[in-house]
file my_file.csv (CSV, C-alpha atoms)
chain,number,residue,atom,x,y,z
A,3,MET,CA,7.5,1.3,2.7
A,4,THR,CA,10.5,3.0,4.2
A,5,MET,CA,10.5,6.7,3.4
A,6,SER,CA,13.7,8.5,2.5
A,7,THR,CA,14.5,11.7,4.2
A,8,ARG,CA,14.9,13.2,0.7
A,9,ARG,CA,11.6,13.6,-1.0
A,10,GLY,CA,12.6,15.7,-4.0
A,11,ASP,CA,12.0,19.3,-4.5
A,12,LEU,CA,9.5,18.7,-7.4
A,13,ARG,CA,10.4,22.0,-9.0
A,14,LYS,CA,10.2,22.9,-12.6
A,15,ARG,CA,13.4,22.9,-14.6
A,16,GLU,CA,14.0,25.3,-17.4
A,17,HIS,CA,14.4,23.6,-20.8
A,18,THR,CA,14.7,24.9,-24.3
A,19,ARG,CA,14.1,23.5,-27.8
A,20,ALA,CA,17.8,22.7,-27.9
A,21,SER,CA,17.8,20.7,-24.7
A,22,VAL,CA,14.6,18.8,-25.7
A,23,GLU,CA,16.1,18.0,-29.1
A,24,GLU,CA,19.2,16.7,-27.4
A,25,LEU,CA,17.1,14.3,-25.2
A,26,ALA,CA,15.0,13.3,-28.3
A,27,ALA,CA,18.1,12.3,-30.2
A,28,LYS,CA,19.6,10.5,-27.2
A,29,TYR,CA,16.6,8.3,-26.8
A,30,ARG,CA,15.5,7.9,-30.4
A,31,THR,CA,14.7,4.3,-31.4
A,32,TRP,CA,13.9,4.8,-35.1
A,33,GLY,CA,15.0,1.7,-36.9
A,34,GLU,CA,15.8,-0.3,-33.8
A,35,TRP,CA,13.1,-2.8,-34.7
A,36,GLY,CA,13.4,-2.3,-38.5
A,37,PRO,CA,12.4,0.5,-40.9
A,38,ASP,CA,8.8,-0.6,-41.1
A,39,ASP,CA,8.1,-0.9,-37.4
A,40,GLU,CA,4.9,0.8,-36.1
A,41,LEU,CA,4.8,-0.6,-32.6
A,42,GLY,CA,7.7,1.1,-30.8
A,43,ALA,CA,8.8,0.4,-27.3
A,44,PRO,CA,6.4,-2.5,-26.6
A,45,ASN,CA,8.6,-4.6,-28.9
A,46,ARG,CA,10.5,-5.1,-25.6
A,47,ILE,CA,7.6,-7.0,-24.1
A,48,THR,CA,8.6,-10.6,-25.0
A,49,PRO,CA,6.5,-13.7,-24.3
A,50,GLU,CA,8.9,-14.4,-21.5
A,51,LYS,CA,8.2,-11.0,-20.0
A,52,VAL,CA,4.4,-11.5,-20.2
A,53,LEU,CA,4.8,-14.8,-18.5
A,54,ALA,CA,6.9,-13.2,-15.8
A,55,ALA,CA,4.3,-10.4,-15.4
A,56,ALA,CA,1.6,-13.0,-14.8
A,57,GLY,CA,3.7,-14.1,-11.9
A,58,GLU,CA,3.0,-10.7,-10.3
A,59,VAL,CA,-0.5,-11.9,-9.5
A,60,ARG,CA,-0.6,-13.1,-5.9
A,61,LYS,CA,-4.1,-12.4,-4.4
A,62,GLY,CA,-6.4,-12.0,-7.4
A,63,ALA,CA,-7.3,-8.4,-6.7
A,64,VAL,CA,-8.4,-6.5,-9.8
A,65,PHE,CA,-8.4,-2.7,-10.1
A,66,SER,CA,-10.0,-0.8,-13.0
A,67,LEU,CA,-8.0,2.3,-13.7
A,68,ALA,CA,-10.6,4.0,-15.9
A,69,VAL,CA,-12.7,7.1,-15.2
A,70,PRO,CA,-16.4,6.8,-16.2
A,71,LEU,CA,-17.3,7.7,-19.8
A,72,ASP,CA,-20.2,10.1,-19.4
A,73,ARG,CA,-21.3,13.7,-20.0
A,74,ALA,CA,-19.8,14.7,-16.6
A,75,GLY,CA,-16.3,13.8,-17.7
A,76,PRO,CA,-13.1,15.8,-17.4
A,77,GLN,CA,-13.2,17.8,-20.7
A,78,GLY,CA,-14.0,21.5,-20.0
A,79,ALA,CA,-16.4,23.8,-21.8
A,80,GLY,CA,-15.2,24.8,-25.2
A,81,SER,CA,-12.6,22.0,-25.4
A,82,LEU,CA,-11.9,20.4,-28.8
A,83,ARG,CA,-12.5,17.1,-27.0
A,84,ALA,CA,-16.1,17.0,-25.8
A,85,ASN,CA,-17.2,14.7,-23.0
A,86,PRO,CA,-18.8,11.4,-24.2
A,87,GLN,CA,-22.4,11.6,-25.2
A,88,HIS,CA,-24.4,8.5,-24.5
A,89,LEU,CA,-27.6,8.1,-26.4
A,90,MET,CA,-30.4,5.4,-26.3
A,91,LEU,CA,-31.3,4.2,-29.7
A,92,VAL,CA,-34.1,1.8,-28.6
A,93,LEU,CA,-35.9,1.6,-25.3
A,94,PRO,CA,-37.7,-1.5,-24.1
A,95,THR,CA,-40.9,0.6,-24.1
A,96,ASP,CA,-40.4,1.4,-27.8
A,97,PRO,CA,-40.3,-2.1,-29.5
A,98,TRP,CA,-38.5,-2.8,-32.7
A,99,PRO,CA,-40.5,-4.1,-35.6
A,100,GLY,CA,-41.2,-7.8,-34.9
A,101,ASP,CA,-40.9,-7.5,-31.1
A,102,SER,CA,-43.6,-9.1,-29.1
A,103,GLU,CA,-45.1,-8.2,-25.7
A,104,LEU,CA,-43.0,-11.2,-24.3
A,105,GLN,CA,-39.6,-10.0,-25.5
A,106,ARG,CA,-38.3,-6.5,-25.7
A,107,PHE,CA,-34.8,-5.0,-26.3
A,108,SER,CA,-32.7,-1.9,-25.7
A,109,ASP,CA,-29.9,-0.5,-27.7
A,110,ASP,CA,-27.6,2.5,-27.4
A,111,ALA,CA,-24.7,4.5,-28.9
A,112,VAL,CA,-22.0,6.9,-27.9
A,113,TYR,CA,-20.3,9.8,-29.5
A,114,MET,CA,-16.9,10.7,-28.1
A,115,PRO,CA,-13.5,12.0,-29.1
A,116,LEU,CA,-11.2,9.0,-28.6
A,117,GLN,CA,-9.0,10.9,-26.1
A,118,ALA,CA,-11.8,12.3,-24.0
A,119,GLY,CA,-11.3,10.0,-21.0
A,120,THR,CA,-8.9,7.3,-19.8
A,121,GLN,CA,-6.7,6.8,-22.9
A,122,TRP,CA,-3.6,5.9,-24.7
A,123,ASP,CA,-2.0,8.3,-27.1
A,124,GLY,CA,-0.9,6.6,-30.2
A,125,LEU,CA,2.6,7.2,-31.5
A,126,CYS,CA,1.2,9.2,-34.4
A,127,HIS,CA,-0.6,11.6,-32.0
A,128,ALA,CA,2.4,13.8,-32.0
A,129,PHE,CA,4.7,15.1,-34.7
A,130,TYR,CA,7.9,17.1,-34.4
A,131,ASP,CA,9.5,19.0,-37.3
A,132,GLY,CA,7.2,17.2,-39.6
A,133,ARG,CA,8.0,13.7,-38.4
A,134,THR,CA,6.6,11.1,-36.0
A,135,TYR,CA,7.9,7.8,-34.8
A,136,ASN,CA,10.2,5.9,-37.2
A,137,GLY,CA,10.4,9.0,-39.5
A,138,ARG,CA,6.9,9.0,-40.9
A,139,ASP,CA,5.8,12.4,-42.1
A,140,THR,CA,2.6,14.3,-41.7
A,141,SER,CA,1.0,12.7,-44.8
A,142,SER,CA,0.8,9.5,-42.9
A,143,VAL,CA,-2.4,10.8,-41.1
A,144,THR,CA,-5.2,11.9,-43.4
A,145,ALA,CA,-8.8,13.0,-43.0
A,146,ALA,CA,-10.0,10.1,-45.2
A,147,HIS,CA,-8.2,7.3,-43.5
A,148,GLY,CA,-6.8,8.5,-40.2
A,149,ALA,CA,-3.4,7.0,-39.4
A,150,LYS,CA,-1.9,5.0,-42.2
A,151,PHE,CA,1.1,4.2,-40.0
A,152,ASN,CA,1.7,4.1,-36.2
A,153,SER,CA,-2.0,3.8,-35.3
A,154,ILE,CA,-2.8,3.0,-31.7
A,155,THR,CA,-4.3,-0.3,-33.0
A,156,ASN,CA,-0.7,-1.7,-33.2
A,157,LEU,CA,-0.9,-2.0,-29.4
A,158,LYS,CA,-4.1,-4.2,-29.5
A,159,ASP,CA,-2.4,-7.4,-28.3
A,160,ARG,CA,0.8,-5.9,-26.9
A,161,ALA,CA,-0.4,-3.8,-23.9
A,162,VAL,CA,-0.1,-6.6,-21.5
A,163,GLY,CA,2.9,-6.8,-19.2
A,164,ARG,CA,4.4,-5.7,-15.9
A,165,GLY,CA,3.1,-2.5,-14.4
A,166,VAL,CA,4.7,-0.5,-11.7
A,167,LEU,CA,3.0,2.2,-9.7
A,168,LEU,CA,5.2,5.2,-8.5
A,169,ASP,CA,3.0,6.9,-6.0
A,170,VAL,CA,4.9,10.2,-6.0
A,171,ALA,CA,2.1,12.1,-4.2
A,172,ARG,CA,2.2,9.8,-1.2
A,173,TRP,CA,6.0,9.4,-1.3
A,174,SER,CA,6.4,13.2,-1.1
A,175,GLY,CA,4.0,13.5,1.8
A,176,HIS,CA,1.0,15.0,-0.2
A,177,ALA,CA,-2.6,13.9,-0.6
A,178,TYR,CA,-2.1,15.4,-4.1
A,179,LEU,CA,0.8,17.3,-5.6
A,180,PRO,CA,0.6,21.1,-5.8
A,181,ALA,CA,-0.2,22.5,-9.2
A,182,ASP,CA,3.4,23.7,-9.7
A,183,ALA,CA,5.0,20.3,-9.0
A,184,SER,CA,7.2,18.9,-11.7
A,185,VAL,CA,8.4,15.3,-11.3
A,186,GLN,CA,11.9,14.7,-12.4
A,187,ALA,CA,14.0,11.6,-13.0
A,188,GLU,CA,15.6,11.7,-9.6
A,189,ASP,CA,12.2,11.9,-8.0
A,190,LEU,CA,11.0,8.8,-9.8
A,191,ALA,CA,14.2,6.9,-9.0
A,192,GLN,CA,14.0,7.8,-5.3
A,193,CYS,CA,10.3,7.0,-5.1
A,194,ALA,CA,10.9,3.6,-6.7
A,195,ALA,CA,13.8,2.9,-4.3
A,196,ASP,CA,11.8,3.9,-1.2
A,197,GLN,CA,8.8,1.8,-2.4
A,198,GLY,CA,11.2,-1.1,-2.8
A,199,VAL,CA,10.4,-1.7,-6.5
A,200,ASP,CA,12.5,-1.8,-9.6
A,201,VAL,CA,11.5,-0.5,-13.0
A,202,GLY,CA,12.8,-2.6,-15.8
A,203,GLU,CA,12.8,-3.0,-19.6
A,204,GLY,CA,9.4,-3.3,-21.1
A,205,ASP,CA,7.5,-2.2,-18.0
A,206,PHE,CA,4.5,0.2,-17.9
A,207,VAL,CA,5.1,2.9,-15.4
A,208,LEU,CA,2.1,4.5,-13.7
A,209,VAL,CA,2.8,7.8,-11.9
A,210,ARG,CA,0.3,9.0,-9.3
A,211,THR,CA,0.2,12.8,-8.7
A,212,GLY,CA,-3.1,12.6,-6.8
A,213,GLU,CA,-4.9,14.9,-9.3
A,214,LEU,CA,-8.1,12.8,-9.2
A,215,ALA,CA,-8.1,12.9,-5.4
A,216,ARG,CA,-8.0,16.7,-5.7
A,217,VAL,CA,-10.8,16.7,-8.2
A,218,ARG,CA,-13.0,14.6,-5.9
A,219,GLU,CA,-12.2,16.7,-2.9
A,220,ALA,CA,-13.1,19.8,-4.9
A,221,GLY,CA,-16.3,18.3,-6.1
A,222,GLY,CA,-15.7,19.1,-9.8
A,223,TRP,CA,-13.2,19.0,-12.6
A,224,GLY,CA,-12.4,22.7,-12.5
A,225,ARG,CA,-9.0,23.4,-14.1
A,226,TYR,CA,-8.2,19.7,-14.6
A,227,ALA,CA,-8.4,19.8,-18.5
A,228,GLY,CA,-5.6,21.9,-19.8
A,229,GLY,CA,-5.1,24.0,-16.7
A,230,PRO,CA,-2.1,24.3,-14.4
A,231,ALA,CA,-1.2,20.8,-13.2
A,232,PRO,CA,1.5,18.7,-11.7
A,233,GLY,CA,3.1,16.2,-13.9
A,234,LEU,CA,6.3,14.9,-15.4
A,235,GLY,CA,9.1,17.2,-16.1
A,236,VAL,CA,11.2,16.9,-19.3
A,237,GLY,CA,14.0,15.3,-17.3
A,238,ALA,CA,11.7,12.4,-16.5
A,239,ALA,CA,12.7,11.1,-19.9
A,240,ASP,CA,16.1,10.1,-18.4
A,241,PHE,CA,14.4,7.7,-16.0
A,242,LEU,CA,11.8,6.3,-18.4
A,243,CYS,CA,13.9,5.9,-21.5
A,244,GLY,CA,17.0,5.0,-19.6
A,245,ARG,CA,15.1,2.0,-18.2
A,246,ARG,CA,13.7,1.2,-21.7
A,247,VAL,CA,10.0,1.2,-20.5
A,248,SER,CA,7.1,0.5,-22.9
A,249,GLY,CA,4.7,3.2,-21.7
A,250,VAL,CA,4.0,5.7,-19.0
A,251,ALA,CA,0.6,6.8,-17.7
A,252,THR,CA,-0.5,9.4,-15.1
A,253,ASP,CA,-3.7,10.5,-13.4
A,254,THR,CA,-3.5,13.9,-15.1
A,255,TRP,CA,-5.0,15.3,-18.3
A,256,GLY,CA,-1.8,15.8,-20.2
A,257,LEU,CA,1.0,13.8,-18.4
A,258,GLU,CA,3.4,16.7,-18.4
A,259,ALA,CA,3.8,19.4,-15.8
A,260,MET,CA,1.7,22.4,-17.0
A,261,PRO,CA,2.6,25.1,-17.8
A,262,TYR,CA,5.4,23.3,-19.7
A,263,GLU,CA,9.0,23.6,-18.7
A,264,THR,CA,9.8,25.0,-22.2
A,265,SER,CA,8.8,28.5,-23.3
A,266,ASP,CA,9.5,27.8,-27.0
A,267,LEU,CA,7.8,24.4,-27.3
A,268,ILE,CA,4.5,22.8,-26.3
A,269,ALA,CA,4.3,19.2,-24.9
A,270,PRO,CA,8.1,18.6,-25.0
A,271,LEU,CA,7.8,15.1,-23.4
A,272,HIS,CA,5.4,14.1,-26.1
A,273,ALA,CA,8.1,14.9,-28.6
A,274,ILE,CA,10.7,12.9,-26.8
A,275,LEU,CA,8.5,9.9,-25.8
A,276,LEU,CA,6.0,9.4,-28.6
A,277,VAL,CA,7.9,10.8,-31.6
A,278,ASN,CA,11.4,9.6,-30.8
A,279,ALA,CA,11.5,6.9,-28.2
A,280,GLY,CA,8.3,5.1,-29.3
A,281,VAL,CA,7.1,5.1,-25.6
A,282,TYR,CA,3.3,5.3,-25.2
A,283,ILE,CA,1.6,7.9,-23.1
A,284,GLY,CA,-1.5,7.3,-21.0
A,285,GLU,CA,-3.6,10.0,-19.5
A,286,ILE,CA,-6.5,10.4,-17.1
A,287,TRP,CA,-5.9,7.0,-15.4
A,288,ASP,CA,-7.6,6.6,-12.1
A,289,LEU,CA,-4.9,5.3,-9.7
A,290,GLU,CA,-6.5,6.0,-6.4
A,291,ALA,CA,-7.8,2.6,-5.4
A,292,LEU,CA,-4.7,0.9,-6.7
A,293,ALA,CA,-2.5,3.3,-4.8
A,294,ASP,CA,-4.3,2.6,-1.5
A,295,ASP,CA,-3.9,-1.1,-2.0
A,296,CYS,CA,-0.2,-0.8,-2.8
A,297,ALA,CA,0.4,1.3,0.3
A,298,ALA,CA,-1.4,-1.2,2.4
A,299,ASP,CA,0.5,-4.3,1.2
A,300,GLY,CA,3.7,-2.7,0.2
A,301,THR,CA,3.6,-4.2,-3.3
A,302,TYR,CA,3.9,-1.8,-6.2
A,303,SER,CA,4.2,-4.1,-9.2
A,304,PHE,CA,1.4,-6.0,-10.9
A,305,LEU,CA,0.1,-7.5,-14.1
A,306,LEU,CA,-1.3,-4.7,-16.3
A,307,ALA,CA,-3.7,-5.3,-19.2
A,308,ALA,CA,-4.5,-2.1,-21.1
A,309,GLN,CA,-5.6,-2.8,-24.7
A,310,PRO,CA,-6.9,0.0,-26.9
A,311,LEU,CA,-10.0,-0.4,-29.1
A,312,THR,CA,-9.3,-1.7,-32.6
A,313,ILE,CA,-10.6,1.4,-34.4
A,314,THR,CA,-8.9,1.4,-37.8
A,315,GLY,CA,-6.7,4.4,-38.3
A,316,ALA,CA,-7.2,5.8,-34.7
A,317,VAL,CA,-4.4,8.0,-33.3
A,318,GLY,CA,-5.6,7.4,-29.7
A,319,SER,CA,-8.0,5.2,-27.9
A,320,PRO,CA,-10.2,5.0,-24.8
A,321,LEU,CA,-9.6,1.9,-22.6
A,322,ASN,CA,-10.4,0.3,-19.3
A,323,PRO,CA,-6.9,-0.6,-18.0
A,324,LEU,CA,-6.8,-3.4,-15.4
A,325,ALA,CA,-4.1,-3.8,-12.7
A,326,ILE,CA,-4.1,-7.3,-11.3
A,327,LYS,CA,-2.3,-8.1,-8.1
call {"tool": "encode", "arguments": {"input": "my_file.csv", "output": "structure tokens"}}
result
Amino acid sequence: MTMSTRRGDLRKREHTRASVEELAAKYRTWGEWGPDDELGAPNRITPEKVLAAAGEVRKGAVFSLAVPLDRAGPQGAGSLRANPQHLMLVLPTDPWPGDSELQRFSDDAVYMPLQAGTQWDGLCHAFYDGRTYNGRDTSSVTAAHGAKFNSITNLKDRAVGRGVLLDVARWSGHAYLPADASVQAEDLAQCAADQGVDVGEGDFVLVRTGELARVREAGGWGRYAGGPAPGLGVGAADFLCGRRVSGVATDTWGLEAMPYETSDLIAPLHAILLVNAGVYIGEIWDLEALADDCAADGTYSFLLAAQPLTITGAVGSPLNPLAIK
């Protein structure tokens, strides 16, 4: 790709509750697809767009964007989200009743918070002022049933479409972004222009900060979960919502630049994207191998298949997203 001489300052911008609420109102899509809609922005992915996305496949290269689900995962000690615990229920040395010496089986189980690894946040993951997407109130999520509305399962057959990688780390000349970097709308726009790729309606945008490269270089997760981290600034909403994307995912724990750009709100982009715009948020996506391939062949768009698990009432889901070029 041809690099611009302007790489962006990647600095945090100061925002307040008022400026976040202004952006939330600007990009709110409640009612756009009817008062009962629970899907949100992926309504923009029409059959024609899926067919066009399939045309992005040129060489048959497939990239898994998931981190391993195991006890050595990204969640830190004391986190509400424990790392996955994989347990063997049956070993081939411990036969089930009726097994013979000729035939043996093994069986296993896993316990995990649904947002412990590579994940989608469901629209009902975040609430603001008592409401989530399309005006549903907090009673829409209960201990007995989980999400009665806006569950991540609404995405089960809709998370297929055109994906675009914006490799902000490489574009800005970093192996990985510094912890205080905040990616703004103009950074995303310039990165896309320099990579020679357009971001269009219905697309899934993947933003690489290089955080997983940093983790691997350090030899451990360290501050990754909940600590200071590069990520998207509040202003990135102008790029994403202005282009009417379906979802955005990063290689970081929480998508947003942390500490947040707001002193009076937590997770301001979650309020804008999930609650108001109906745009899905993906976190802890491994973009390293895909980024290397995109840099090598200069192609930053691909077919993305990223279905959640169909767990009834779930507010988020682990997944194994596939980028196919």
call {"tool": "residues_near_point", "arguments": {"input": "my_file.csv", "point": "(1.7, 12.6, -15.7)", "cutoff": "9 Å", "atoms": "all atoms listed in the file", "output": "MDAnalysis selection string"}}
result
chainID A and resid 185 208:211 232:235 250:259 283:286
call {"tool": "closest_residue", "arguments": {"input": "my_file.csv", "among": "A:Ala171, A:Ala84, A:Val236, A:Val201", "to": "Arg216 of chain A", "atoms": "only C-alpha atoms"}}
result
A:Ala171
call {"tool": "atom_distance", "arguments": {"input": "my_file.csv", "atom1": "atom CA of Pro230 of chain A", "atom2": "atom CA of Pro261 of chain A"}}
result
5.9 Å
call {"tool": "closest_residue", "arguments": {"input": "my_file.csv", "among": "A:Pro97, A:Gly124, A:Gly204, A:Gly198", "to": "Arg245 of chain A", "atoms": "only C-alpha atoms"}}
result
A:Gly204
call {"tool": "closest_residue", "arguments": {"input": "my_file.csv", "among": "A:Gln121, A:Ser142, A:Thr264, A:Ser184", "to": "Ile154 of chain A", "atoms": "all atoms listed in the file"}}
result
A:Gln121
call {"tool": "atom_distance", "arguments": {"input": "my_file.csv", "atom1": "atom CA of Ala191 of chain A", "atom2": "atom CA of Ala269 of chain A"}}
result
22.4 Å
call {"tool": "closest_residue", "arguments": {"input": "my_file.csv", "among": "A:Gly137, A:Gly175, A:Gly78, A:Gly119", "to": "Asn152 of chain A", "atoms": "all atoms listed in the file"}}
result
A:Gly137
call {"tool": "closest_residue", "arguments": {"input": "my_file.csv", "among": "A:Ala291, A:Ala273, A:Leu214, A:Val162", "to": "Pro310 of chain A", "atoms": "only C-alpha atoms"}}
result
A:Val162
call {"tool": "decode", "arguments": {"input": "my_file.csv", "residues": "segment 222-323 of chain A", "atoms": "C-alpha atoms", "output": "tab-separated table (two decimals), in the first residue's frame"}}
result
chain	number	residue	atom	x	y	z
A	222	GLY	CA	1.90	-13.12	28.91
A	223	TRP	CA	-1.44	-11.34	29.03
A	224	GLY	CA	-0.37	-8.85	31.69
A	225	ARG	CA	-2.59	-5.72	31.60
A	226	TYR	CA	-4.56	-6.91	28.57
A	227	ALA	CA	-7.88	-7.46	30.38
A	228	GLY	CA	-9.19	-4.14	31.60
A	229	GLY	CA	-5.88	-2.30	31.77
A	230	PRO	CA	-4.67	0.74	29.85
A	231	ALA	CA	-5.01	-0.09	26.16
A	232	PRO	CA	-5.17	1.44	22.72
A	233	GLY	CA	-8.53	1.35	21.04
A	234	LEU	CA	-11.25	3.33	19.36
A	235	GLY	CA	-12.00	6.85	20.46
A	236	VAL	CA	-15.53	8.16	20.79
A	237	GLY	CA	-15.14	10.03	17.51
A	238	ALA	CA	-14.69	6.73	15.65
A	239	ALA	CA	-18.50	6.57	15.71
A	240	ASP	CA	-18.54	9.19	12.96
A	241	PHE	CA	-16.61	6.87	10.64
A	242	LEU	CA	-18.47	3.67	11.54
A	243	CYS	CA	-22.01	4.97	11.79
A	244	GLY	CA	-21.55	7.43	8.99
A	245	ARG	CA	-20.75	4.50	6.70
A	246	ARG	CA	-23.64	2.45	8.14
A	247	VAL	CA	-21.55	-0.60	9.02
A	248	SER	CA	-23.01	-3.72	10.63
A	249	GLY	CA	-20.30	-4.38	13.18
A	250	VAL	CA	-16.82	-3.50	14.34
A	251	ALA	CA	-14.24	-5.73	16.03
A	252	THR	CA	-10.76	-5.20	17.41
A	253	ASP	CA	-7.92	-7.23	18.86
A	254	THR	CA	-8.34	-5.58	22.26
A	255	TRP	CA	-10.22	-6.62	25.39
A	256	GLY	CA	-12.78	-3.81	25.32
A	257	LEU	CA	-12.71	-2.19	21.83
A	258	GLU	CA	-12.45	1.33	23.27
A	259	ALA	CA	-9.34	3.27	24.20
A	260	MET	CA	-8.79	2.77	27.92
A	261	PRO	CA	-8.88	4.78	30.12
A	262	TYR	CA	-12.01	6.08	28.43
A	263	GLU	CA	-12.17	9.51	26.84
A	264	THR	CA	-15.02	10.41	29.22
A	265	SER	CA	-14.52	11.12	32.89
A	266	ASP	CA	-18.26	10.93	33.63
A	267	LEU	CA	-19.16	7.76	31.67
A	268	ILE	CA	-17.79	4.27	31.20
A	269	ALA	CA	-17.68	2.60	27.78
A	270	PRO	CA	-19.12	5.56	25.84
A	271	LEU	CA	-18.77	3.85	22.45
A	272	HIS	CA	-20.78	0.89	23.72
A	273	ALA	CA	-23.60	3.33	24.47
A	274	ILE	CA	-23.40	4.84	20.98
A	275	LEU	CA	-22.89	1.67	18.94
A	276	LEU	CA	-24.79	-1.09	20.76
A	277	VAL	CA	-27.56	0.84	22.48
A	278	ASN	CA	-28.33	3.43	19.84
A	279	ALA	CA	-26.92	2.51	16.43
A	280	GLY	CA	-27.48	-1.26	16.70
A	281	VAL	CA	-23.88	-1.86	15.57
A	282	TYR	CA	-22.32	-5.04	16.98
A	283	ILE	CA	-19.04	-4.97	18.87
A	284	GLY	CA	-16.44	-7.73	18.63
A	285	GLU	CA	-13.55	-8.05	21.06
A	286	ILE	CA	-10.40	-10.17	21.46
A	287	TRP	CA	-10.20	-11.00	17.74
A	288	ASP	CA	-6.82	-12.31	16.57
A	289	LEU	CA	-5.99	-10.28	13.47
A	290	GLU	CA	-2.26	-10.99	13.23
A	291	ALA	CA	-2.09	-13.63	10.47
A	292	LEU	CA	-4.80	-11.91	8.46
A	293	ALA	CA	-2.96	-8.58	8.71
A	294	ASP	CA	0.28	-10.13	7.47
A	295	ASP	CA	-1.50	-11.61	4.48
A	296	CYS	CA	-3.29	-8.35	3.69
A	297	ALA	CA	0.00	-6.46	3.82
A	298	ALA	CA	1.60	-9.03	1.53
A	299	ASP	CA	-1.05	-9.00	-1.21
A	300	GLY	CA	-2.45	-5.49	-0.72
A	301	THR	CA	-6.03	-6.76	-0.38
A	302	TYR	CA	-7.83	-5.67	2.76
A	303	SER	CA	-11.36	-6.90	2.04
A	304	PHE	CA	-12.67	-10.46	2.31
A	305	LEU	CA	-15.67	-12.62	3.07
A	306	LEU	CA	-16.31	-12.75	6.80
A	307	ALA	CA	-18.31	-15.52	8.51
A	308	ALA	CA	-18.72	-14.85	12.24
A	309	GLN	CA	-21.78	-16.62	13.64
A	310	PRO	CA	-22.50	-16.62	17.38
A	311	LEU	CA	-23.57	-19.76	19.22
A	312	THR	CA	-27.33	-20.16	19.45
A	313	ILE	CA	-27.59	-20.04	23.24
A	314	THR	CA	-31.12	-18.96	24.05
A	315	GLY	CA	-31.21	-15.64	25.86
A	316	ALA	CA	-27.46	-15.00	25.61
A	317	VAL	CA	-26.27	-11.40	25.72
A	318	GLY	CA	-22.92	-12.28	24.12
A	319	SER	CA	-21.27	-15.24	22.48
A	320	PRO	CA	-17.89	-16.84	21.81
A	321	LEU	CA	-17.16	-17.54	18.17
A	322	ASN	CA	-14.52	-18.60	15.68
A	323	PRO	CA	-14.72	-15.88	13.02
